[in-house]
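One file, target.cif, carrying mmCIF, C-alpha atoms:
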data_model
loop_
_atom_site.label_atom_id
_atom_site.label_comp_id
_atom_site.auth_asym_id
_atom_site.auth_seq_id
_atom_site.Cartn_x
_atom_site.Cartn_y
_atom_site.Cartn_z
CA MET A 19 0.00 0.00 0.00
CA VAL A 20 1.19 3.50 -0.85
CA PHE A 21 0.20 6.22 1.59
CA SER A 22 0.52 9.90 0.85
CA SER A 23 1.19 10.51 4.56
CA LYS A 24 4.07 9.18 6.62
CA LEU A 25 2.01 9.70 9.79
CA ILE A 26 -0.76 7.42 8.50
CA GLU A 27 1.79 4.92 7.22
CA ASP A 28 3.55 4.70 10.61
CA ALA A 29 0.26 4.27 12.48
CA VAL A 30 -0.89 1.56 10.03
CA ASN A 31 2.43 -0.27 10.40
CA GLU A 32 2.19 -0.18 14.18
CA PHE A 33 -1.40 -1.46 14.16
CA SER A 34 -0.59 -4.27 11.76
CA ARG A 35 1.95 -5.64 14.24
CA LEU A 36 -0.95 -6.64 16.51
CA PRO A 37 -2.03 -10.30 16.33
CA GLY A 38 -4.55 -11.03 13.56
CA ILE A 39 -4.46 -7.50 12.12
CA GLY A 40 -3.53 -7.09 8.46
CA LYS A 41 -2.78 -3.86 6.61
CA LYS A 42 -6.37 -3.33 5.46
CA THR A 43 -7.85 -3.75 8.95
CA ALA A 44 -5.08 -1.56 10.35
CA LEU A 45 -5.94 1.17 7.83
CA ARG A 46 -9.62 0.94 8.81
CA MET A 47 -8.71 1.49 12.46
CA VAL A 48 -6.31 4.32 11.71
CA LEU A 49 -8.90 6.13 9.59
CA HIS A 50 -11.44 5.61 12.36
CA LEU A 51 -9.06 7.16 14.90
CA MET A 52 -8.20 9.94 12.45
CA LYS A 53 -11.88 10.93 12.37
CA SER A 54 -12.36 10.59 16.14
CA GLU A 55 -12.06 13.49 18.55
CA GLU A 56 -8.49 14.21 19.67
CA SER A 57 -9.56 13.71 23.29
CA SER A 58 -10.91 10.24 22.61
CA VAL A 59 -7.70 9.25 20.80
CA ASP A 60 -5.73 10.56 23.78
CA ARG A 61 -7.89 8.41 26.06
CA PHE A 62 -7.14 5.39 23.84
CA THR A 63 -3.37 5.86 23.79
CA GLY A 64 -3.39 6.86 27.45
CA ALA A 65 -5.19 3.71 28.56
CA ILE A 66 -2.70 1.52 26.69
CA ALA A 67 0.36 3.37 27.96
CA SER A 68 -0.86 3.30 31.59
CA MET A 69 -1.70 -0.38 31.25
CA ARG A 70 1.76 -1.27 29.96
CA HIS A 71 3.68 0.89 32.40
CA GLY A 72 1.45 0.32 35.42
CA ILE A 73 0.68 -3.37 35.18
CA ARG A 74 2.13 -5.62 37.86
CA PHE A 75 1.89 -9.27 38.73
CA CYS A 76 0.42 -10.43 42.03
CA GLN A 77 3.16 -11.62 44.42
CA HIS A 78 1.04 -14.58 45.44
CA CYS A 79 -0.77 -15.88 42.38
CA HIS A 80 1.06 -14.15 39.46
CA ASN A 81 -2.24 -12.83 38.11
CA VAL A 82 -2.10 -9.37 36.53
CA SER A 83 -2.79 -6.73 39.11
CA ASP A 84 -2.80 -2.97 39.63
CA SER A 85 -0.94 -3.38 42.93
CA ASP A 86 1.51 -5.83 44.53
CA VAL A 87 -1.24 -8.24 45.53
CA CYS A 88 -4.27 -8.78 43.29
CA ASP A 89 -7.91 -8.10 44.18
CA ILE A 90 -8.70 -11.82 44.37
CA CYS A 91 -5.86 -12.59 46.81
CA THR A 92 -6.73 -9.60 49.02
CA ASN A 93 -10.47 -10.36 49.08
CA PRO A 94 -11.20 -11.68 52.62
CA ALA A 95 -14.29 -13.52 51.32
CA ARG A 96 -12.23 -15.84 49.11
CA ASN A 97 -11.13 -19.21 50.45
CA LYS A 98 -7.30 -19.13 50.59
CA ARG A 99 -7.14 -22.88 51.30
CA GLN A 100 -8.38 -23.73 47.82
CA ILE A 101 -6.06 -22.90 44.90
CA CYS A 102 -7.10 -23.29 41.28
CA VAL A 103 -4.01 -23.81 39.10
CA VAL A 104 -4.37 -22.33 35.59
CA GLU A 105 -2.16 -21.50 32.65
CA ASN A 106 -2.85 -17.81 32.16
CA ILE A 107 -5.03 -14.78 32.77
CA ARG A 108 -7.57 -15.82 30.10
CA ASP A 109 -8.40 -18.91 32.15
CA VAL A 110 -8.92 -16.77 35.26
CA ILE A 111 -11.32 -14.53 33.33
CA ALA A 112 -13.23 -17.59 32.04
CA ILE A 113 -13.55 -19.17 35.51
CA GLU A 114 -14.44 -15.86 37.19
CA ALA A 115 -17.21 -15.41 34.59
CA THR A 116 -18.94 -18.56 35.92
CA GLN A 117 -19.27 -16.91 39.39
CA GLN A 118 -19.10 -20.41 40.87
CA TYR A 119 -15.55 -20.47 42.24
CA ASN A 120 -14.69 -18.89 45.55
CA GLY A 121 -11.07 -19.94 46.10
CA VAL A 122 -7.92 -18.26 44.85
CA TYR A 123 -5.75 -18.92 41.79
CA HIS A 124 -2.20 -19.72 40.83
CA LEU A 125 -1.05 -18.84 37.31
CA LEU A 126 1.70 -21.06 35.96
CA GLY A 127 2.41 -18.80 33.00
CA GLY A 128 2.19 -21.76 30.60
CA ILE A 129 2.41 -25.54 30.72
CA LEU A 130 5.35 -27.92 30.48
CA SER A 131 6.33 -28.35 26.85
CA PRO A 132 9.88 -29.64 26.31
CA LEU A 133 9.53 -29.21 22.52
CA ASP A 134 8.99 -25.47 22.97
CA GLY A 135 11.74 -25.31 25.57
CA ILE A 136 9.34 -24.76 28.47
CA GLY A 137 10.58 -26.68 31.51
CA PRO A 138 9.58 -26.40 35.20
CA GLU A 139 11.93 -23.47 35.78
CA GLN A 140 10.10 -21.37 33.15
CA LEU A 141 6.82 -21.78 35.06
CA ASN A 142 5.74 -20.54 38.48
CA ILE A 143 5.90 -24.03 40.01
CA VAL A 144 8.46 -23.43 42.78
CA LYS A 145 6.31 -20.54 43.95
CA LEU A 146 3.24 -22.81 43.98
CA CYS A 147 5.03 -25.40 46.14
CA GLN A 148 6.07 -22.57 48.45
CA ARG A 149 2.46 -21.41 48.79
CA VAL A 150 1.28 -24.94 49.57
CA LYS A 151 4.03 -25.27 52.19
CA ASP A 152 3.50 -21.84 53.83
CA MET A 153 -0.28 -21.46 53.80
CA GLU A 154 -2.54 -24.22 55.01
CA VAL A 155 -3.73 -25.19 51.55
CA GLU A 156 -6.31 -28.00 51.49
CA GLU A 157 -7.03 -28.45 47.81
CA LEU A 158 -5.35 -27.78 44.49
CA ILE A 159 -7.78 -27.78 41.56
CA MET A 160 -5.83 -28.35 38.35
CA ALA A 161 -7.64 -26.51 35.53
CA LEU A 162 -5.18 -27.08 32.67
CA SER A 163 -5.75 -27.96 29.02
CA PRO A 164 -6.72 -31.63 28.45
CA THR A 165 -3.62 -32.29 26.35
CA ILE A 166 -0.51 -34.39 26.86
CA GLU A 167 1.35 -31.25 28.00
CA GLY A 168 -1.43 -30.37 30.43
CA ASP A 169 -1.53 -33.87 31.88
CA THR A 170 2.27 -33.93 32.19
CA THR A 171 2.17 -30.66 34.08
CA VAL A 172 -0.51 -31.99 36.45
CA TYR A 173 1.56 -35.13 37.04
CA TYR A 174 4.76 -33.16 37.61
CA ILE A 175 3.14 -30.81 40.14
CA ALA A 176 1.44 -33.71 41.94
CA ARG A 177 4.81 -35.42 42.33
CA GLN A 178 6.45 -32.27 43.68
CA LEU A 179 3.74 -32.02 46.32
CA GLN A 180 3.41 -35.67 47.31
CA GLN A 181 4.70 -35.13 50.84
CA PHE A 182 1.96 -32.60 51.64
CA PRO A 183 -1.44 -33.75 52.90
CA ILE A 184 -3.48 -31.90 50.28
CA SER A 185 -6.09 -33.18 47.88
CA ILE A 186 -5.29 -32.58 44.22
CA THR A 187 -8.24 -32.63 41.83
CA THR A 188 -8.73 -31.82 38.17
CA ILE A 189 -11.79 -30.21 36.59
CA ALA A 190 -14.28 -32.73 35.20
CA ARG A 191 -14.02 -33.73 31.54
CA GLY A 192 -17.02 -35.00 29.67
CA ILE A 193 -19.76 -34.18 27.22
CA ALA A 194 -20.61 -30.46 27.36
CA PHE A 195 -24.12 -29.41 28.37
CA GLY A 196 -26.14 -29.18 25.16
CA GLY A 197 -23.52 -31.26 23.33
CA GLU A 198 -24.66 -34.08 21.09
CA LEU A 199 -23.21 -37.53 21.80
CA GLU A 200 -22.65 -38.32 18.14
CA TYR A 201 -20.41 -35.30 17.65
CA ALA A 202 -18.25 -35.90 20.72
CA ASP A 203 -14.75 -37.22 20.05
CA GLU A 204 -14.07 -40.84 21.06
CA MET A 205 -11.64 -39.96 23.83
CA THR A 206 -14.08 -37.61 25.57
CA LEU A 207 -16.96 -40.05 25.17
CA ALA A 208 -14.89 -42.97 26.46
CA LYS A 209 -13.75 -40.95 29.51
CA SER A 210 -17.25 -39.74 30.23
CA ILE A 211 -18.51 -43.36 30.29
CA ALA A 212 -15.59 -44.50 32.44
CA LYS A 213 -16.12 -41.61 34.89
CA ARG A 214 -19.91 -41.94 34.93
CA LEU A 215 -21.78 -40.42 37.88
CA PRO A 216 -24.53 -41.87 40.05
CA ILE A 217 -27.81 -40.28 39.04
CA ASP A 218 -28.30 -38.46 42.39
CA ASN A 219 -25.00 -36.81 41.87
CA TYR A 220 -25.98 -35.85 38.33
CA VAL A 221 -29.28 -34.33 39.42
CA SER A 222 -27.56 -32.24 42.06
CA THR A 223 -25.07 -31.02 39.43
CA ILE A 224 -27.70 -29.67 37.07
CA ALA A 225 -29.83 -28.33 39.91
CA LYS A 226 -26.96 -26.15 41.15
CA MET B 15 -16.02 -10.14 31.34
CA VAL B 16 -14.59 -9.64 34.83
CA PHE B 17 -11.00 -8.40 34.98
CA SER B 18 -8.93 -8.42 38.12
CA SER B 19 -7.14 -5.29 36.90
CA LYS B 20 -8.68 -1.90 36.19
CA LEU B 21 -5.73 -1.07 33.91
CA ILE B 22 -6.45 -4.10 31.71
CA GLU B 23 -10.16 -3.39 31.80
CA ASP B 24 -9.72 0.21 30.65
CA ALA B 25 -7.39 -0.80 27.83
CA VAL B 26 -9.80 -3.55 26.68
CA ASN B 27 -12.72 -1.10 26.72
CA GLU B 28 -10.78 1.41 24.65
CA PHE B 29 -9.74 -1.21 22.10
CA SER B 30 -13.27 -2.56 21.78
CA ARG B 31 -14.45 0.88 20.64
CA LEU B 32 -12.55 0.37 17.39
CA PRO B 33 -14.60 -0.80 14.39
CA GLY B 34 -15.06 -4.57 14.20
CA ILE B 35 -13.28 -5.27 17.51
CA GLY B 36 -15.20 -7.16 20.20
CA LYS B 37 -14.19 -7.71 23.82
CA LYS B 38 -12.39 -11.01 23.14
CA THR B 39 -10.29 -9.62 20.30
CA ALA B 40 -9.59 -6.52 22.37
CA LEU B 41 -8.36 -8.69 25.24
CA ARG B 42 -6.09 -10.60 22.87
CA MET B 43 -4.50 -7.35 21.71
CA VAL B 44 -4.14 -5.97 25.23
CA LEU B 45 -2.45 -9.18 26.44
CA HIS B 46 -0.18 -9.02 23.42
CA LEU B 47 0.80 -5.43 24.25
CA MET B 48 1.16 -6.35 27.92
CA LYS B 49 3.80 -8.91 26.97
CA SER B 50 5.57 -6.62 24.48
CA GLU B 51 8.57 -4.48 25.37
CA GLU B 52 7.66 -1.14 26.93
CA SER B 53 9.56 0.65 24.16
CA SER B 54 7.52 -1.06 21.44
CA VAL B 55 4.25 -0.15 23.20
CA ASP B 56 5.50 3.43 23.44
CA ARG B 57 6.19 3.38 19.71
CA PHE B 58 2.65 2.10 19.10
CA THR B 59 0.92 4.76 21.21
CA GLY B 60 3.33 7.41 19.95
CA ALA B 61 2.61 6.68 16.29
CA ILE B 62 -1.14 6.93 16.89
CA ALA B 63 -0.90 10.12 18.93
CA SER B 64 1.40 11.83 16.37
CA MET B 65 -0.91 10.72 13.57
CA ARG B 66 -4.02 12.17 15.22
CA HIS B 67 -2.39 15.41 16.33
CA GLY B 68 -0.20 15.91 13.27
CA ILE B 69 -2.48 14.93 10.43
CA ARG B 70 -3.62 17.68 8.08
CA PHE B 71 -5.66 17.87 4.92
CA CYS B 72 -4.17 19.06 1.66
CA GLN B 73 -5.39 22.57 0.81
CA HIS B 74 -5.84 21.60 -2.83
CA CYS B 75 -7.19 18.06 -2.94
CA HIS B 76 -8.30 17.41 0.69
CA ASN B 77 -6.22 14.24 0.84
CA VAL B 78 -4.58 13.49 4.19
CA SER B 79 -1.15 15.04 4.36
CA ASP B 80 1.73 15.69 6.73
CA SER B 81 1.94 19.31 5.53
CA ASP B 82 -0.37 21.95 4.08
CA VAL B 83 -0.10 20.55 0.56
CA CYS B 84 0.13 16.79 -0.02
CA ASP B 85 2.97 14.91 -1.70
CA ILE B 86 0.89 14.20 -4.79
CA CYS B 87 -0.06 17.85 -5.33
CA THR B 88 3.52 19.05 -4.81
CA ASN B 89 5.04 16.41 -7.10
CA PRO B 90 6.16 18.27 -10.28
CA ALA B 91 5.92 15.06 -12.30
CA ARG B 92 2.17 14.74 -11.79
CA ASN B 93 -0.20 16.19 -14.38
CA LYS B 94 -2.15 18.98 -12.65
CA ARG B 95 -4.53 19.31 -15.60
CA GLN B 96 -6.07 15.93 -14.91
CA ILE B 97 -8.09 15.55 -11.70
CA CYS B 98 -9.48 12.23 -10.52
CA VAL B 99 -12.52 12.82 -8.30
CA VAL B 100 -12.91 10.21 -5.54
CA GLU B 101 -14.89 9.76 -2.35
CA ASN B 102 -12.13 9.24 0.21
CA ILE B 103 -8.54 8.36 1.01
CA ARG B 104 -9.15 4.61 0.55
CA ASP B 105 -9.91 5.23 -3.13
CA VAL B 106 -6.68 7.23 -3.52
CA ILE B 107 -4.71 4.34 -2.00
CA ALA B 108 -6.41 1.86 -4.36
CA ILE B 109 -5.74 3.95 -7.47
CA GLU B 110 -2.16 4.77 -6.45
CA ALA B 111 -1.53 1.03 -6.02
CA THR B 112 -2.19 0.51 -9.76
CA GLN B 113 0.75 2.86 -10.58
CA GLN B 114 -1.14 3.76 -13.76
CA TYR B 115 -2.47 7.20 -12.93
CA ASN B 116 -0.31 10.27 -13.18
CA GLY B 117 -2.75 13.11 -12.55
CA VAL B 118 -3.85 14.59 -9.24
CA TYR B 119 -6.91 13.88 -7.06
CA HIS B 120 -9.82 15.64 -5.49
CA LEU B 121 -11.46 14.03 -2.45
CA LEU B 122 -15.12 14.85 -2.04
CA GLY B 123 -15.27 13.43 1.48
CA GLY B 124 -18.35 11.36 0.57
CA ILE B 125 -21.08 11.28 -2.07
CA LEU B 126 -24.45 12.99 -2.27
CA SER B 127 -26.93 11.08 -0.17
CA PRO B 128 -30.01 13.09 0.84
CA LEU B 129 -31.29 10.22 3.01
CA ASP B 130 -28.14 10.45 5.17
CA GLY B 131 -28.34 14.25 5.18
CA ILE B 132 -25.31 14.65 2.88
CA GLY B 133 -25.93 17.50 0.48
CA PRO B 134 -23.49 19.43 -1.78
CA GLU B 135 -22.44 21.72 1.09
CA GLN B 136 -21.20 18.72 3.13
CA LEU B 137 -18.83 17.75 0.30
CA ASN B 138 -15.78 19.50 -1.16
CA ILE B 139 -17.63 20.40 -4.35
CA VAL B 140 -17.32 24.21 -4.25
CA LYS B 141 -13.56 23.76 -3.84
CA LEU B 142 -13.50 21.45 -6.86
CA CYS B 143 -15.28 24.02 -9.04
CA GLN B 144 -12.80 26.63 -7.80
CA ARG B 145 -9.86 24.42 -8.81
CA VAL B 146 -11.35 23.86 -12.27
CA LYS B 147 -11.85 27.61 -12.62
CA ASP B 148 -8.41 28.68 -11.34
CA MET B 149 -6.11 26.02 -12.79
CA GLU B 150 -6.25 25.07 -16.43
CA VAL B 151 -7.90 21.72 -15.81
CA GLU B 152 -8.50 19.66 -18.94
CA GLU B 153 -10.11 16.51 -17.65
CA LEU B 154 -12.09 15.39 -14.60
CA ILE B 155 -12.13 11.62 -14.14
CA MET B 156 -15.07 10.67 -11.94
CA ALA B 157 -14.09 7.54 -9.96
CA LEU B 158 -17.13 7.22 -7.69
CA SER B 159 -19.12 4.18 -6.63
CA PRO B 160 -21.43 2.83 -9.35
CA THR B 161 -24.55 3.45 -7.27
CA ILE B 162 -27.48 5.82 -7.61
CA GLU B 163 -25.78 8.18 -5.14
CA GLY B 164 -22.50 8.01 -7.09
CA ASP B 165 -24.25 8.69 -10.40
CA THR B 166 -26.21 11.56 -8.85
CA THR B 167 -22.98 13.09 -7.60
CA VAL B 168 -21.37 12.78 -11.03
CA TYR B 169 -24.40 14.41 -12.62
CA TYR B 170 -24.51 17.21 -10.06
CA ILE B 171 -20.82 18.05 -10.51
CA ALA B 172 -21.11 17.90 -14.30
CA ARG B 173 -23.97 20.43 -14.18
CA GLN B 174 -22.01 22.78 -11.92
CA LEU B 175 -19.15 22.76 -14.41
CA GLN B 176 -21.07 22.91 -17.67
CA GLN B 177 -19.77 26.39 -18.59
CA PHE B 178 -16.13 25.20 -18.50
CA PRO B 179 -14.51 23.62 -21.56
CA ILE B 180 -13.30 20.46 -19.76
CA SER B 181 -13.90 16.85 -20.57
CA ILE B 182 -15.62 14.87 -17.81
CA THR B 183 -15.18 11.09 -17.94
CA THR B 184 -15.99 8.22 -15.61
CA ILE B 185 -13.93 5.09 -15.06
CA ALA B 186 -15.00 2.13 -17.23
CA ARG B 187 -17.52 -0.33 -15.84
CA GLY B 188 -17.61 -3.90 -17.08
CA ILE B 189 -16.69 -7.48 -16.44
CA ALA B 190 -13.56 -7.67 -14.27
CA PHE B 191 -10.43 -9.34 -15.69
CA GLY B 192 -10.65 -13.00 -14.73
CA GLY B 193 -14.39 -12.63 -14.03
CA GLU B 194 -16.79 -15.25 -15.34
CA LEU B 195 -19.66 -14.00 -17.50
CA GLU B 196 -22.24 -16.24 -15.85
CA TYR B 197 -21.57 -14.77 -12.40
CA ALA B 198 -21.74 -11.13 -13.50
CA ASP B 199 -24.87 -9.24 -12.48
CA GLU B 200 -27.30 -8.32 -15.27
CA MET B 201 -26.72 -4.59 -15.01
CA THR B 202 -22.94 -4.90 -15.39
CA LEU B 203 -23.26 -7.41 -18.22
CA ALA B 204 -25.85 -5.26 -20.03
CA LYS B 205 -23.62 -2.17 -19.72
CA SER B 206 -20.53 -4.04 -20.84
CA ILE B 207 -22.36 -5.13 -24.01
CA ALA B 208 -23.75 -1.65 -24.66
CA LYS B 209 -20.30 -0.08 -24.17
CA ARG B 210 -18.45 -2.77 -26.15
CA LEU B 211 -15.01 -1.88 -27.51
CA PRO B 212 -13.52 -2.43 -30.97
CA ILE B 213 -11.10 -5.33 -30.79
CA ASP B 214 -7.99 -3.16 -31.51
CA ASN B 215 -8.85 -1.09 -28.53
CA TYR B 216 -9.32 -4.20 -26.41
CA VAL B 217 -5.96 -5.64 -27.41
CA SER B 218 -4.19 -2.40 -26.58
CA THR B 219 -5.90 -2.42 -23.16
CA ILE B 220 -4.64 -5.84 -22.16
CA ALA B 221 -1.22 -5.21 -23.70
CA LYS B 222 -0.73 -2.11 -21.52
#
Mind turning the file's structure into structure tokens?
Amino acid sequence: MVFSSKLIEDAVNEFSRLPGIGKKTALRMVLHLMKSEESSVDRFTGAIASMRHGIRFCQHCHNVSDSDVCDICTNPARNKRQICVVENIRDVIAIEATQQYNGVYHLLGGILSPLDGIGPEQLNIVKLCQRVKDMEVEELIMALSPTIEGDTTVYYIARQLQQFPISITTIARGIAFGGELEYADEMTLAKSIAKRLPIDNYVSTIAK
Amino acid sequence: MVFSSKLIEDAVNEFSRLPGIGKKTALRMVLHLMKSEESSVDRFTGAIASMRHGIRFCQHCHNVSDSDVCDICTNPARNKRQICVVENIRDVIAIEATQQYNGVYHLLGGILSPLDGIGPEQLNIVKLCQRVKDMEVEELIMALSPTIEGDTTVYYIARQLQQFPISITTIARGIAFGGELEYADEMTLAKSIAKRLPIDNYVSTIAK
């Protein structure tokens, strides 16, 4: 693309560095901002700059935070004895959206993946063991991806913590609500038969 | 979506104001910027702020420009006697990409559309007539959308300029190169038969 303005060209180039944004979409955004009020563009750039410069990571759970300890860890109503172990902030947002979980979190920052060069020292695992040791943690809920890497990570963490008297659980796998049996993959279907629930248990799950 | 950080939340809200960006895409971009180097985020916000505060419109053609007169209008190699009339900057970028046009432009800033409240006074039409009057313009090439509004605009401008000895043309409509006849709409096909070209002319077109 040929632009008659270096200012537009620079802005388009910067936008097109964002994930999933090509030159045409970038141009659409730049032209939109060009036509917006100066004050609203200042608010846009200001919010991004403050976010990048001001963002911190919670000392306890490694979640993003505006202060040294995040809102979830400081909330006295949350159960500090229950830690949900997740990969990243997106998972926290997804679980918080259910409004069903009242414990705290621990963000690993990824999962073990030797092929990508991600070993235990790249993840926040030592810190997790420390938390389990220092606080009186009762349960670790492993909410990682149902992949080989996710399972390896669960197994690795469980082994690191075997001397502590805590219960380690993983979130239930199975057929999604509203999902059709015939479209489920074989692995999921097989597991959901193997881990079948007594009907009382099932009724209490959907009644919740 | 519930965010544990106000900084992230503000940045996501600002991003999701952009055209075609929902909350999930906005979050993806914010997390990308959060993980980027501070200097590269500063370059991003800087480019957008300079663009918005520094952008100007060419006094002659109303194209976006970094100075009072745009690069195309100041270029001595461009033919100032030939003006291509377009709706907006996107059309200029598209025509410039062909590298086949050597005249200058005039951006109307839209097309006549009474239903949307866009009359002649909302567009840069008076300025166009002034340019035709003041400079020795020989040809106006109307490159507007082939819609009723586009045709109305062409007609309106032609009437305003009827006392000047200039030729007013419109870009050719027809079947696109590589287009299949059977998929062309009836209107385009009918026009392309009515405006058929002698074969010599056709050969010289594709040879160009």
Worksheet entry | For CA of Ile189 (chain A) and CA of Tyr201 (chain A), the interatomic separation in Å (one decimal) |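 Separating CA of Ile189 (chain A) from CA of Tyr201 (chain A) is a distance of 21.4 Å.
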Worksheet item: Using only C-alpha atoms, which residues sit within 9 Å of region 108-125 of chain A once same-chain residues fewer than 4 positions away are excluded, as a list in words?
Response: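 Residues meeting the cut-off are His78, Cys79, His80, Asn81, Ile90, Cys91, Ala95, Arg96, Asn97, Lys98, Arg99, Gln100, Ile101, Cys102, Val103, Val104, Leu141, Asn142, Leu146, Ala161 and Leu162 of chain A; Met15, Val16, Phe17, Ser18 and Leu41 of chain B.
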Using all atoms listed in the file, determine which residues lie at most 8 Å from Thr202 (chain B), disregarding the query and same-chain residues fewer than 4 positions distant; provide the list as a PDB file with C-alpha atoms, keeping the file's coordinate frame.
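out-v8.pdb, freshly written:
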ATOM      1  CA  ARG B 187     -17.520  -0.330 -15.840  1.00  0.00           C
ATOM      2  CA  GLY B 188     -17.610  -3.900 -17.080  1.00  0.00           C
ATOM      3  CA  ILE B 189     -16.690  -7.480 -16.440  1.00  0.00           C
ATOM      4  CA  ALA B 198     -21.740 -11.130 -13.500  1.00  0.00           C
ATOM      5  CA  SER B 206     -20.530  -4.040 -20.840  1.00  0.00           C
TER       6      SER B 206
END
Quick one: which chain B residues come within 6 Å of chain A, and what is the nearest atom pair for each with the distance in Å to one decimal, counting only C-alpha atoms, rows ordered by chain and ascending number, as JSON lines?
{"residue": "B:Ser19", "atom": "CA", "partner": "A:Ser83", "partner_atom": "CA", "distance": 5.1}
{"residue": "B:Leu21", "atom": "CA", "partner": "A:Met69", "partner_atom": "CA", "distance": 4.9}
{"residue": "B:Ala25", "atom": "CA", "partner": "A:Ala65", "partner_atom": "CA", "distance": 5.1}
{"residue": "B:Glu28", "atom": "CA", "partner": "A:Phe62", "partner_atom": "CA", "distance": 5.5}
{"residue": "B:Met48", "atom": "CA", "partner": "A:Arg70", "partner_atom": "CA", "distance": 5.5}
{"residue": "B:Phe58", "atom": "CA", "partner": "A:Glu32", "partner_atom": "CA", "distance": 5.4}
{"residue": "B:Thr59", "atom": "CA", "partner": "A:Thr63", "partner_atom": "CA", "distance": 5.1}
{"residue": "B:Ala61", "atom": "CA", "partner": "A:Ala29", "partner_atom": "CA", "distance": 5.1}
{"residue": "B:Ile62", "atom": "CA", "partner": "A:Ala29", "partner_atom": "CA", "distance": 5.3}
{"residue": "B:Met65", "atom": "CA", "partner": "A:Leu25", "partner_atom": "CA", "distance": 4.9}
{"residue": "B:Arg66", "atom": "CA", "partner": "A:Met52", "partner_atom": "CA", "distance": 5.5}
{"residue": "B:Ser79", "atom": "CA", "partner": "A:Ser23", "partner_atom": "CA", "distance": 5.1}
{"residue": "B:Asp80", "atom": "CA", "partner": "A:Ser23", "partner_atom": "CA", "distance": 5.6}
Item to complete: With the file shown as input, list the residues that the PyMOL selection byres ((chain A and resi 140) around 9) selects, as a ChimeraX atom specification.
Response: /A:126-128,130,135-139,141-143
Discussion item. One number please: CA of Leu215 (chain A) to CA of Ala176 (chain A), in Å, one decimal.
Written reply: 24.5 Å
Item to complete: Work out how far apart CA of Asp169 (chain A) and CA of Val87 (chain A) are and give it in Å to one decimal.
Response: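 Computing the Euclidean distance for CA of Asp169 (chain A) and CA of Val87 (chain A) yields 29.0 Å.
Comparing A:Val172, A:Cys76, A:Ala190, A:Leu133 by their smallest distance to Met160 (chain A), the closest is A:Val172 (using all atoms listed in the file).
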Provide an axis-aligned box for all listed atoms of region 68-85 of chain A, padding each side by 6 Å; report its centre and its edge lengths in Å to one decimal, as lines of an AutoDock Vina configuration file.
center_x = 0.4
center_y = -6.3
center_z = 37.7
size_x = 18.5
size_y = 31.2
size_z = 27.5
Worksheet item: Using all atoms listed in the file, what residues lie at most 9 Å away from (-7.7, -35.3, 26.5) (file coordinates), given as a list in words?
Response: Ser163, Pro164, Thr165, Ile166, Gly168, Asp169, Arg191, Met205, Thr206 and Lys209 of chain A
